[in-house]
Amino acid sequence: MKLLENITVTDAGAKGKSIAHAPDGRVIFISNAVPEDIVDVQITKKKKAFYEGVAVKFHRYSPLRETPVCEHFDYCGGCQWQHMNYPSQLHYKQQEVVSNLKRLGGITPEEVLPILGCEKPYFYRNKIEFSFSETRWLTPEEIASQEEIEVRQGLGFHIAGAWDKVLDIRKCHLQEDPSNAIRNSIKAFALANGYSFYNPRTHSGWLRTMMIRITSVGELMLVIQFLEEQKENREQLLDYLLAQFPSLTSLQYIINSKPNDTIYDQEVICYHGRDFIYEEMEGLRFKINAKSFFQTNSTQAYELYKVTRDFAALTGEELVYDLYTGTGTIAQFVARKAKKVIGVEAVPEAIADAKENARVNGIDNVAFFVGDMKQVFTEDFIATHGTPQVIITDPPRDGMHKDVVAQILRIAPERVVYVSCNSATQARDLALMEEKYKVVKIRPVDMFPQTYHIENVALLELRDDL
């Protein structure tokens, strides 16, 4: 593949790539540069309309550049933008949202509110998962050194695109302490006691995964996944952790003998404490268990929900539908300002959590229903529960099903607040709704600093001429 010299990086693109242009006019997507770098690019992939490449020499470093704080940044993949200062990250995230709405949906909002940045650009995650590996991934530097590797076991993150390769992590900057201390203690104790680490290719090795949840009120959950029951070893490890970390609110484990690591079809066994932890927000308490879905940045989730509630402009008289309600956090958050909120979600466990949280919080003007959205959100459902004045929708990355969009257009609520983690599919859906709705305003919210991910909240109102 060719080398392109003295290329000026001009922009940031999707999925953490930076953008430049080749002399032949093709776009170059570069994985390790930031805007305003001047670089030599080694092309790794050639397509008709674009190249992909890696900067192999820097002639000038961009003023937007920052030294990554994490020693694992070059290979981990969990963060893509640690080498760009945070104000610049916010600039390019907002630019991507506005560009996607216009380019993909033909949407120009009447008002674009400034992106809401995160006060904690590091150590913000309330949930993180690590995998054990019998033979960890070796960095190019380790391979080049030709030194003997004494410890091949690892505990860390999967290398992007490699299901069987794990990068050993010494310090992660995404979750606050004692997260790193717990992970490193488990690894050291396991090595000292000869516990075997998992190998996904041979489906062997005792220790599989670990998950840590930390809430904003200081509650702490640790869940360890084992391939098989080894009672003596298991109790030895769990008792050690309780002695080392007495602040653990919940210590749980899973015996999972199937090939994949997913826990949603597995029994989670509580060894110590409660089988859940509490998160709090504006006096509301939310029970979170090992399988619960909850926004992974608690502090910024609060900001996101406040934007959503403000856009909904509730007076206390409205019937609100909360589509894709998850565990009902948004539904309960807006319930105080609504007459009633109806939440719909496809995952039965999430709806069970939503009902339990509403009970815990004493909220009696919410009702939750489970089922596939396009099959539940029907004329009969609306006839039974009423026509909403406001719809809040927070779909998965794929956006809303076209039948759900069509149903919203049929019942035509006064306002729709669309929360999205993917502005490309949001743009597609907003374009479908343009016949009846105008996009009054949007506000991007940064839930995941150091990554390319960005949430966007859009307020739609019925057109005046309808």
# chains A, B, ... in the order shown; residues from 1 in each chain; ligands from 1
$ residues_around --residues "Ala313 of chain A" --least-positions-apart "2" --cutoff "12 Å" --atoms "only C-alpha atoms" --output "MDAnalysis selection string"
chainID A and resid 306:311 315:318 320 334 337:338 389:392 414:417 459:461
$ select_by_dssp --residues "segment 183-292 of chain A" --states "strand (DSSP E)" --output "ChimeraX atom specification"
/A:207-214,220-226,250-255,269-273,276-281,284-289
$ closest_atom_pairs --of "segment 45-89 of chain A" --to "segment 158-163 of chain A" --cutoff "12 Å" --atoms "only C-alpha atoms" --output "tab-separated table"
residue	atom	partner	partner_atom	distance
A:His72	CA	A:Ile159	CA	11.2
A:Phe73	CA	A:Ile159	CA	11.6
A:Asp74	CA	A:Ile159	CA	11.1
A:Tyr75	CA	A:Ile159	CA	7.4
A:Cys76	CA	A:Ile159	CA	6.3
A:Gly77	CA	A:Ala160	CA	6.1
A:Gly78	CA	A:Ala160	CA	8.3
A:Cys79	CA	A:Ala160	CA	11.0
A:Gln80	CA	A:Ala160	CA	11.4
$ write_last_selection --atoms "N, CA and C atoms" --output "CSV table (one decimal), in the first residue's frame"
chain,number,residue,atom,x,y,z
A,72,HIS,N,-2.6,2.6,28.2
A,72,HIS,CA,-3.2,1.6,27.2
A,72,HIS,C,-3.9,2.2,26.0
A,73,PHE,N,-3.9,3.5,25.9
A,73,PHE,CA,-4.7,4.2,24.9
A,73,PHE,C,-4.4,3.7,23.5
A,74,ASP,N,-3.2,3.5,23.1
A,74,ASP,CA,-2.9,3.2,21.7
A,74,ASP,C,-3.5,1.9,21.3
A,75,TYR,N,-3.8,1.0,22.2
A,75,TYR,CA,-4.2,-0.4,21.8
A,75,TYR,C,-5.6,-0.8,22.4
A,76,CYS,N,-6.1,-0.1,23.4
A,76,CYS,CA,-7.2,-0.5,24.1
A,76,CYS,C,-8.5,-0.4,23.2
A,77,GLY,N,-8.8,0.7,22.7
A,77,GLY,CA,-10.0,0.9,21.9
A,77,GLY,C,-11.2,1.4,22.7
A,78,GLY,N,-11.1,1.3,24.0
A,78,GLY,CA,-12.2,1.8,24.8
A,78,GLY,C,-12.4,3.3,24.7
A,79,CYS,N,-11.3,4.0,24.6
A,79,CYS,CA,-11.4,5.4,24.3
A,79,CYS,C,-10.7,5.7,22.9
A,80,GLN,N,-11.3,6.6,22.2
A,80,GLN,CA,-10.8,6.9,20.9
A,80,GLN,C,-10.2,8.3,20.8
$ closest_residue --among "A:Lys291, A:Lys355, A:His203, A:Lys438" --to "Phe369 of chain A" --atoms "only C-alpha atoms"
A:Lys355
$ residues_around --residues "segment 443-458 of chain A" --least-positions-apart "3" --cutoff "6 Å" --atoms "only C-alpha atoms" --output "list in words"
Lys15, Gly16, Cys79, Gln80, Trp81, Gln82, Leu113, Ile115, Leu116, Gly117, Pro121, Gln300, Val417, Tyr418, Val419, Ser420 and Cys421 of chain A
$ write_last_selection --atoms "N, CA and C atoms" --output "PDB file, in the first residue's frame"
ATOM      1  N   LYS A  15     -16.930   7.488  14.225  1.00  0.00           N
ATOM      2  CA  LYS A  15     -16.248   6.392  14.917  1.00  0.00           C
ATOM      3  C   LYS A  15     -14.800   6.704  15.280  1.00  0.00           C
ATOM      4  N   GLY A  16     -14.539   7.969  15.604  1.00  0.00           N
ATOM      5  CA  GLY A  16     -13.230   8.334  16.108  1.00  0.00           C
ATOM      6  C   GLY A  16     -12.167   8.542  15.054  1.00  0.00           C
ATOM      7  N   CYS A  79     -11.327   3.996  24.557  1.00  0.00           N
ATOM      8  CA  CYS A  79     -11.359   5.439  24.311  1.00  0.00           C
ATOM      9  C   CYS A  79     -10.748   5.696  22.938  1.00  0.00           C
ATOM     10  N   GLN A  80     -11.341   6.603  22.179  1.00  0.00           N
ATOM     11  CA  GLN A  80     -10.790   6.918  20.866  1.00  0.00           C
ATOM     12  C   GLN A  80     -10.187   8.320  20.783  1.00  0.00           C
ATOM     13  N   TRP A  81     -10.550   9.197  21.739  1.00  0.00           N
ATOM     14  CA  TRP A  81     -10.172  10.603  21.573  1.00  0.00           C
ATOM     15  C   TRP A  81      -9.368  11.173  22.740  1.00  0.00           C
ATOM     16  N   GLN A  82      -8.697  10.342  23.503  1.00  0.00           N
ATOM     17  CA  GLN A  82      -7.875  10.883  24.583  1.00  0.00           C
ATOM     18  C   GLN A  82      -6.768  11.792  24.068  1.00  0.00           C
ATOM     19  N   LEU A 113     -29.007  24.141  20.603  1.00  0.00           N
ATOM     20  CA  LEU A 113     -28.447  24.526  21.894  1.00  0.00           C
ATOM     21  C   LEU A 113     -27.040  23.949  22.040  1.00  0.00           C
ATOM     22  N   ILE A 115     -23.796  21.966  23.107  1.00  0.00           N
ATOM     23  CA  ILE A 115     -23.611  20.627  23.654  1.00  0.00           C
ATOM     24  C   ILE A 115     -23.358  20.706  25.155  1.00  0.00           C
ATOM     25  N   LEU A 116     -23.934  19.765  25.880  1.00  0.00           N
ATOM     26  CA  LEU A 116     -23.778  19.724  27.330  1.00  0.00           C
ATOM     27  C   LEU A 116     -22.631  18.777  27.664  1.00  0.00           C
ATOM     28  N   GLY A 117     -21.497  19.358  28.041  1.00  0.00           N
ATOM     29  CA  GLY A 117     -20.318  18.569  28.356  1.00  0.00           C
ATOM     30  C   GLY A 117     -20.408  17.948  29.733  1.00  0.00           C
ATOM     31  N   PRO A 121     -14.624  14.299  32.808  1.00  0.00           N
ATOM     32  CA  PRO A 121     -14.295  13.639  31.547  1.00  0.00           C
ATOM     33  C   PRO A 121     -13.560  12.313  31.717  1.00  0.00           C
ATOM     34  N   GLN A 300     -24.202  12.281  34.312  1.00  0.00           N
ATOM     35  CA  GLN A 300     -24.640  12.871  33.053  1.00  0.00           C
ATOM     36  C   GLN A 300     -26.029  12.383  32.656  1.00  0.00           C
ATOM     37  N   VAL A 417     -40.488  14.252  22.155  1.00  0.00           N
ATOM     38  CA  VAL A 417     -39.099  14.445  22.584  1.00  0.00           C
ATOM     39  C   VAL A 417     -38.352  13.168  22.227  1.00  0.00           C
ATOM     40  N   TYR A 418     -37.408  13.293  21.321  1.00  0.00           N
ATOM     41  CA  TYR A 418     -36.693  12.139  20.773  1.00  0.00           C
ATOM     42  C   TYR A 418     -35.271  12.144  21.323  1.00  0.00           C
ATOM     43  N   VAL A 419     -34.972  11.165  22.184  1.00  0.00           N
ATOM     44  CA  VAL A 419     -33.633  10.996  22.759  1.00  0.00           C
ATOM     45  C   VAL A 419     -32.931   9.909  21.956  1.00  0.00           C
ATOM     46  N   SER A 420     -31.736  10.205  21.482  1.00  0.00           N
ATOM     47  CA  SER A 420     -31.060   9.258  20.599  1.00  0.00           C
ATOM     48  C   SER A 420     -29.588   9.109  20.946  1.00  0.00           C
ATOM     49  N   CYS A 421     -29.098   7.858  20.836  1.00  0.00           N
ATOM     50  CA  CYS A 421     -27.665   7.610  20.962  1.00  0.00           C
ATOM     51  C   CYS A 421     -27.015   7.456  19.596  1.00  0.00           C
TER      52      CYS A 421
END
$ select_by_dssp --residues "segment 4-215 of chain A" --states "alpha helix (DSSP H)" --output "ChimeraX atom specification"
/A:73-76,86-105,140-145,179-192
$ atom_distance --atom1 "atom CA of Val341 of chain A" --atom2 "atom CA of Arg285 of chain A"
17.8 Å
$ closest_residue --among "A:Val440, A:Ala49, A:Ala55, A:Leu319" --to "Asp37 of chain A" --atoms "only C-alpha atoms"
A:Ala55
$ residues_around --residues "Arg65 of chain A" --least-positions-apart "6" --cutoff "8 Å" --atoms "only C-alpha atoms" --output "PyMOL selection string"
chain A and resi 34+83-85
$ closest_residue --among "A:Phe130, A:Glu66, A:Tyr302, A:Val98" --to "Gln426 of chain A" --atoms "only C-alpha atoms"
A:Val98
$ residues_around --residues "Ile186 of chain A" --least-positions-apart "2" --cutoff "12 Å" --atoms "only C-alpha atoms" --output "JSON, numbers by chain"
{"A": [130, 131, 132, 154, 155, 156, 179, 180, 181, 182, 183, 184, 188, 189, 190, 191, 192, 193, 194, 195, 197, 207, 209, 210, 211, 222, 223, 224, 234, 236, 237, 238, 239, 240, 241, 242, 244, 245]}
$ write_last_selection --atoms "N, CA and C atoms" --output "CSV table (one decimal), in the first residue's frame"
chain,number,residue,atom,x,y,z
A,130,PHE,N,-14.7,-6.6,32.7
A,130,PHE,CA,-13.4,-7.1,32.3
A,130,PHE,C,-13.4,-8.6,32.0
A,131,SER,N,-12.6,-9.0,31.1
A,131,SER,CA,-12.5,-10.5,30.8
A,131,SER,C,-11.1,-11.0,31.2
A,132,PHE,N,-11.2,-12.3,31.7
A,132,PHE,CA,-9.9,-13.0,32.0
A,132,PHE,C,-9.4,-13.7,30.7
A,154,GLY,N,-4.0,-12.6,31.5
A,154,GLY,CA,-4.4,-11.2,31.5
A,154,GLY,C,-5.8,-11.0,32.1
A,155,LEU,N,-6.1,-9.8,32.5
A,155,LEU,CA,-7.5,-9.4,32.9
A,155,LEU,C,-7.7,-8.0,32.4
A,156,GLY,N,-8.6,-7.8,31.4
A,156,GLY,CA,-8.8,-6.5,30.9
A,156,GLY,C,-9.9,-6.5,29.8
A,179,SER,N,-12.3,0.5,41.7
A,179,SER,CA,-12.4,-0.3,40.6
A,179,SER,C,-11.1,-1.0,40.2
A,180,ASN,N,-10.0,-0.1,40.0
A,180,ASN,CA,-8.7,-0.6,39.6
A,180,ASN,C,-8.1,-1.5,40.7
A,181,ALA,N,-8.3,-1.1,41.9
A,181,ALA,CA,-7.8,-1.9,43.0
A,181,ALA,C,-8.4,-3.3,43.1
A,182,ILE,N,-9.7,-3.4,42.9
A,182,ILE,CA,-10.4,-4.7,42.9
A,182,ILE,C,-9.9,-5.6,41.8
A,183,ARG,N,-9.8,-5.0,40.6
A,183,ARG,CA,-9.4,-5.8,39.4
A,183,ARG,C,-8.0,-6.3,39.6
A,184,ASN,N,-7.1,-5.5,40.0
A,184,ASN,CA,-5.7,-5.9,40.2
A,184,ASN,C,-5.5,-6.9,41.3
A,188,ALA,N,-4.0,-10.7,41.0
A,188,ALA,CA,-2.8,-11.1,41.8
A,188,ALA,C,-3.1,-12.3,42.6
A,189,PHE,N,-4.3,-12.3,43.3
A,189,PHE,CA,-4.7,-13.4,44.1
A,189,PHE,C,-4.9,-14.7,43.3
A,190,ALA,N,-5.5,-14.5,42.1
A,190,ALA,CA,-5.7,-15.7,41.2
A,190,ALA,C,-4.4,-16.3,40.8
A,191,LEU,N,-3.4,-15.4,40.4
A,191,LEU,CA,-2.1,-16.0,40.0
A,191,LEU,C,-1.4,-16.6,41.2
A,192,ALA,N,-1.5,-16.0,42.3
A,192,ALA,CA,-0.8,-16.6,43.5
A,192,ALA,C,-1.3,-17.9,43.9
A,193,ASN,N,-2.6,-18.2,43.6
A,193,ASN,CA,-3.3,-19.4,44.0
A,193,ASN,C,-3.5,-20.4,42.9
A,194,GLY,N,-2.9,-20.1,41.7
A,194,GLY,CA,-2.9,-21.0,40.6
A,194,GLY,C,-4.3,-21.2,39.9
A,195,TYR,N,-5.2,-20.2,40.1
A,195,TYR,CA,-6.5,-20.3,39.4
A,195,TYR,C,-6.3,-20.2,37.9
A,197,PHE,N,-7.2,-19.1,34.0
A,197,PHE,CA,-7.9,-18.1,33.3
A,197,PHE,C,-8.6,-18.6,32.1
A,207,LEU,N,-11.8,-18.8,35.6
A,207,LEU,CA,-12.2,-17.4,35.7
A,207,LEU,C,-12.6,-16.8,34.4
A,209,THR,N,-15.2,-13.7,33.6
A,209,THR,CA,-15.4,-12.3,33.6
A,209,THR,C,-15.7,-11.7,35.0
A,210,MET,N,-15.5,-10.4,35.1
A,210,MET,CA,-15.9,-9.7,36.3
A,210,MET,C,-16.6,-8.4,35.9
A,211,MET,N,-17.6,-8.0,36.7
A,211,MET,CA,-18.3,-6.7,36.4
A,211,MET,C,-18.4,-5.9,37.7
A,222,LEU,N,-20.0,-6.2,42.9
A,222,LEU,CA,-19.0,-7.0,42.1
A,222,LEU,C,-19.6,-8.3,41.8
A,223,VAL,N,-19.6,-8.7,40.5
A,223,VAL,CA,-20.1,-10.0,40.0
A,223,VAL,C,-19.0,-10.7,39.3
A,224,ILE,N,-18.6,-11.9,39.7
A,224,ILE,CA,-17.6,-12.7,39.0
A,224,ILE,C,-18.2,-13.9,38.4
A,234,ARG,N,-13.7,-21.0,44.9
A,234,ARG,CA,-14.7,-19.9,44.9
A,234,ARG,C,-14.8,-19.2,46.2
A,236,GLN,N,-12.7,-19.3,48.7
A,236,GLN,CA,-11.4,-18.6,49.0
A,236,GLN,C,-11.3,-17.3,48.4
A,237,LEU,N,-11.6,-17.2,47.1
A,237,LEU,CA,-11.5,-15.9,46.4
A,237,LEU,C,-12.5,-14.9,46.9
A,238,LEU,N,-13.8,-15.3,47.1
A,238,LEU,CA,-14.8,-14.3,47.5
A,238,LEU,C,-14.6,-13.9,49.0
A,239,ASP,N,-14.1,-14.7,49.8
A,239,ASP,CA,-13.8,-14.3,51.2
A,239,ASP,C,-12.6,-13.4,51.2
A,240,TYR,N,-11.7,-13.6,50.4
A,240,TYR,CA,-10.5,-12.7,50.3
A,240,TYR,C,-11.0,-11.3,49.8
A,241,LEU,N,-11.9,-11.3,48.9
A,241,LEU,CA,-12.4,-10.0,48.4
A,241,LEU,C,-13.1,-9.2,49.5
A,242,LEU,N,-13.9,-9.9,50.2
A,242,LEU,CA,-14.7,-9.3,51.3
A,242,LEU,C,-13.8,-8.7,52.4
A,244,GLN,N,-10.6,-7.8,51.8
A,244,GLN,CA,-9.9,-6.6,51.2
A,244,GLN,C,-10.7,-5.4,51.0
A,245,PHE,N,-12.0,-5.7,50.6
A,245,PHE,CA,-12.9,-4.6,50.2
A,245,PHE,C,-14.2,-4.7,51.0
$ residues_around --residues "Ile30 of chain A" --least-positions-apart "3" --cutoff "9 Å" --atoms "only C-alpha atoms" --output "JSON, numbers by chain"
{"A": [9, 16, 17, 18, 19, 20, 33, 34, 41, 43, 51, 52, 53, 54, 55]}
$ write_last_selection --atoms "N, CA and C atoms" --output "JSON list (two decimals), in the first residue's frame"
[["chain", "number", "residue", "atom", "x", "y", "z"],
["A", 9, "VAL", "N", -4.58, 17.06, 8.21],
["A", 9, "VAL", "CA", -5.85, 16.52, 8.71],
["A", 9, "VAL", "C", -6.80, 17.70, 8.90],
["A", 16, "GLY", "N", -14.54, 7.97, 15.60],
["A", 16, "GLY", "CA", -13.23, 8.33, 16.11],
["A", 16, "GLY", "C", -12.17, 8.54, 15.05],
["A", 17, "LYS", "N", -12.51, 8.39, 13.79],
["A", 17, "LYS", "CA", -11.54, 8.61, 12.72],
["A", 17, "LYS", "C", -11.41, 10.10, 12.43],
["A", 18, "SER", "N", -10.21, 10.49, 12.01],
["A", 18, "SER", "CA", -10.02, 11.85, 11.52],
["A", 18, "SER", "C", -10.01, 11.83, 10.00],
["A", 19, "ILE", "N", -10.22, 13.00, 9.40],
["A", 19, "ILE", "CA", -10.44, 13.09, 7.95],
["A", 19, "ILE", "C", -9.38, 13.98, 7.31],
["A", 20, "ALA", "N", -8.86, 13.51, 6.19],
["A", 20, "ALA", "CA", -7.97, 14.30, 5.35],
["A", 20, "ALA", "C", -8.34, 14.00, 3.90],
["A", 33, "ALA", "N", -4.89, 10.24, 14.26],
["A", 33, "ALA", "CA", -4.55, 11.66, 14.10],
["A", 33, "ALA", "C", -5.72, 12.50, 14.59],
["A", 34, "VAL", "N", -5.46, 13.81, 14.77],
["A", 34, "VAL", "CA", -6.52, 14.75, 15.13],
["A", 34, "VAL", "C", -6.47, 15.91, 14.15],
["A", 41, "VAL", "N", 0.87, 9.45, 5.84],
["A", 41, "VAL", "CA", -0.15, 8.42, 6.08],
["A", 41, "VAL", "C", 0.18, 7.15, 5.32],
["A", 43, "ILE", "N", -1.29, 4.06, 3.85],
["A", 43, "ILE", "CA", -2.61, 3.58, 3.47],
["A", 43, "ILE", "C", -2.73, 2.09, 3.77],
["A", 51, "TYR", "N", -9.79, 6.23, 1.19],
["A", 51, "TYR", "CA", -8.72, 5.41, 1.74],
["A", 51, "TYR", "C", -8.91, 5.29, 3.25],
["A", 52, "GLU", "N", -8.32, 4.27, 3.83],
["A", 52, "GLU", "CA", -8.12, 4.21, 5.27],
["A", 52, "GLU", "C", -6.63, 4.10, 5.53],
["A", 53, "GLY", "N", -6.17, 4.76, 6.60],
["A", 53, "GLY", "CA", -4.74, 4.74, 6.84],
["A", 53, "GLY", "C", -4.36, 5.06, 8.27],
["A", 54, "VAL", "N", -3.04, 5.01, 8.50],
["A", 54, "VAL", "CA", -2.47, 5.27, 9.82],
["A", 54, "VAL", "C", -1.36, 6.30, 9.66],
["A", 55, "ALA", "N", -1.36, 7.31, 10.53],
["A", 55, "ALA", "CA", -0.27, 8.31, 10.51],
["A", 55, "ALA", "C", 1.00, 7.65, 11.03]]
$ closest_residue --among "A:Tyr324, A:Ala358, A:Lys340, A:Lys231" --to "Arg397 of chain A" --atoms "only C-alpha atoms"
A:Tyr324
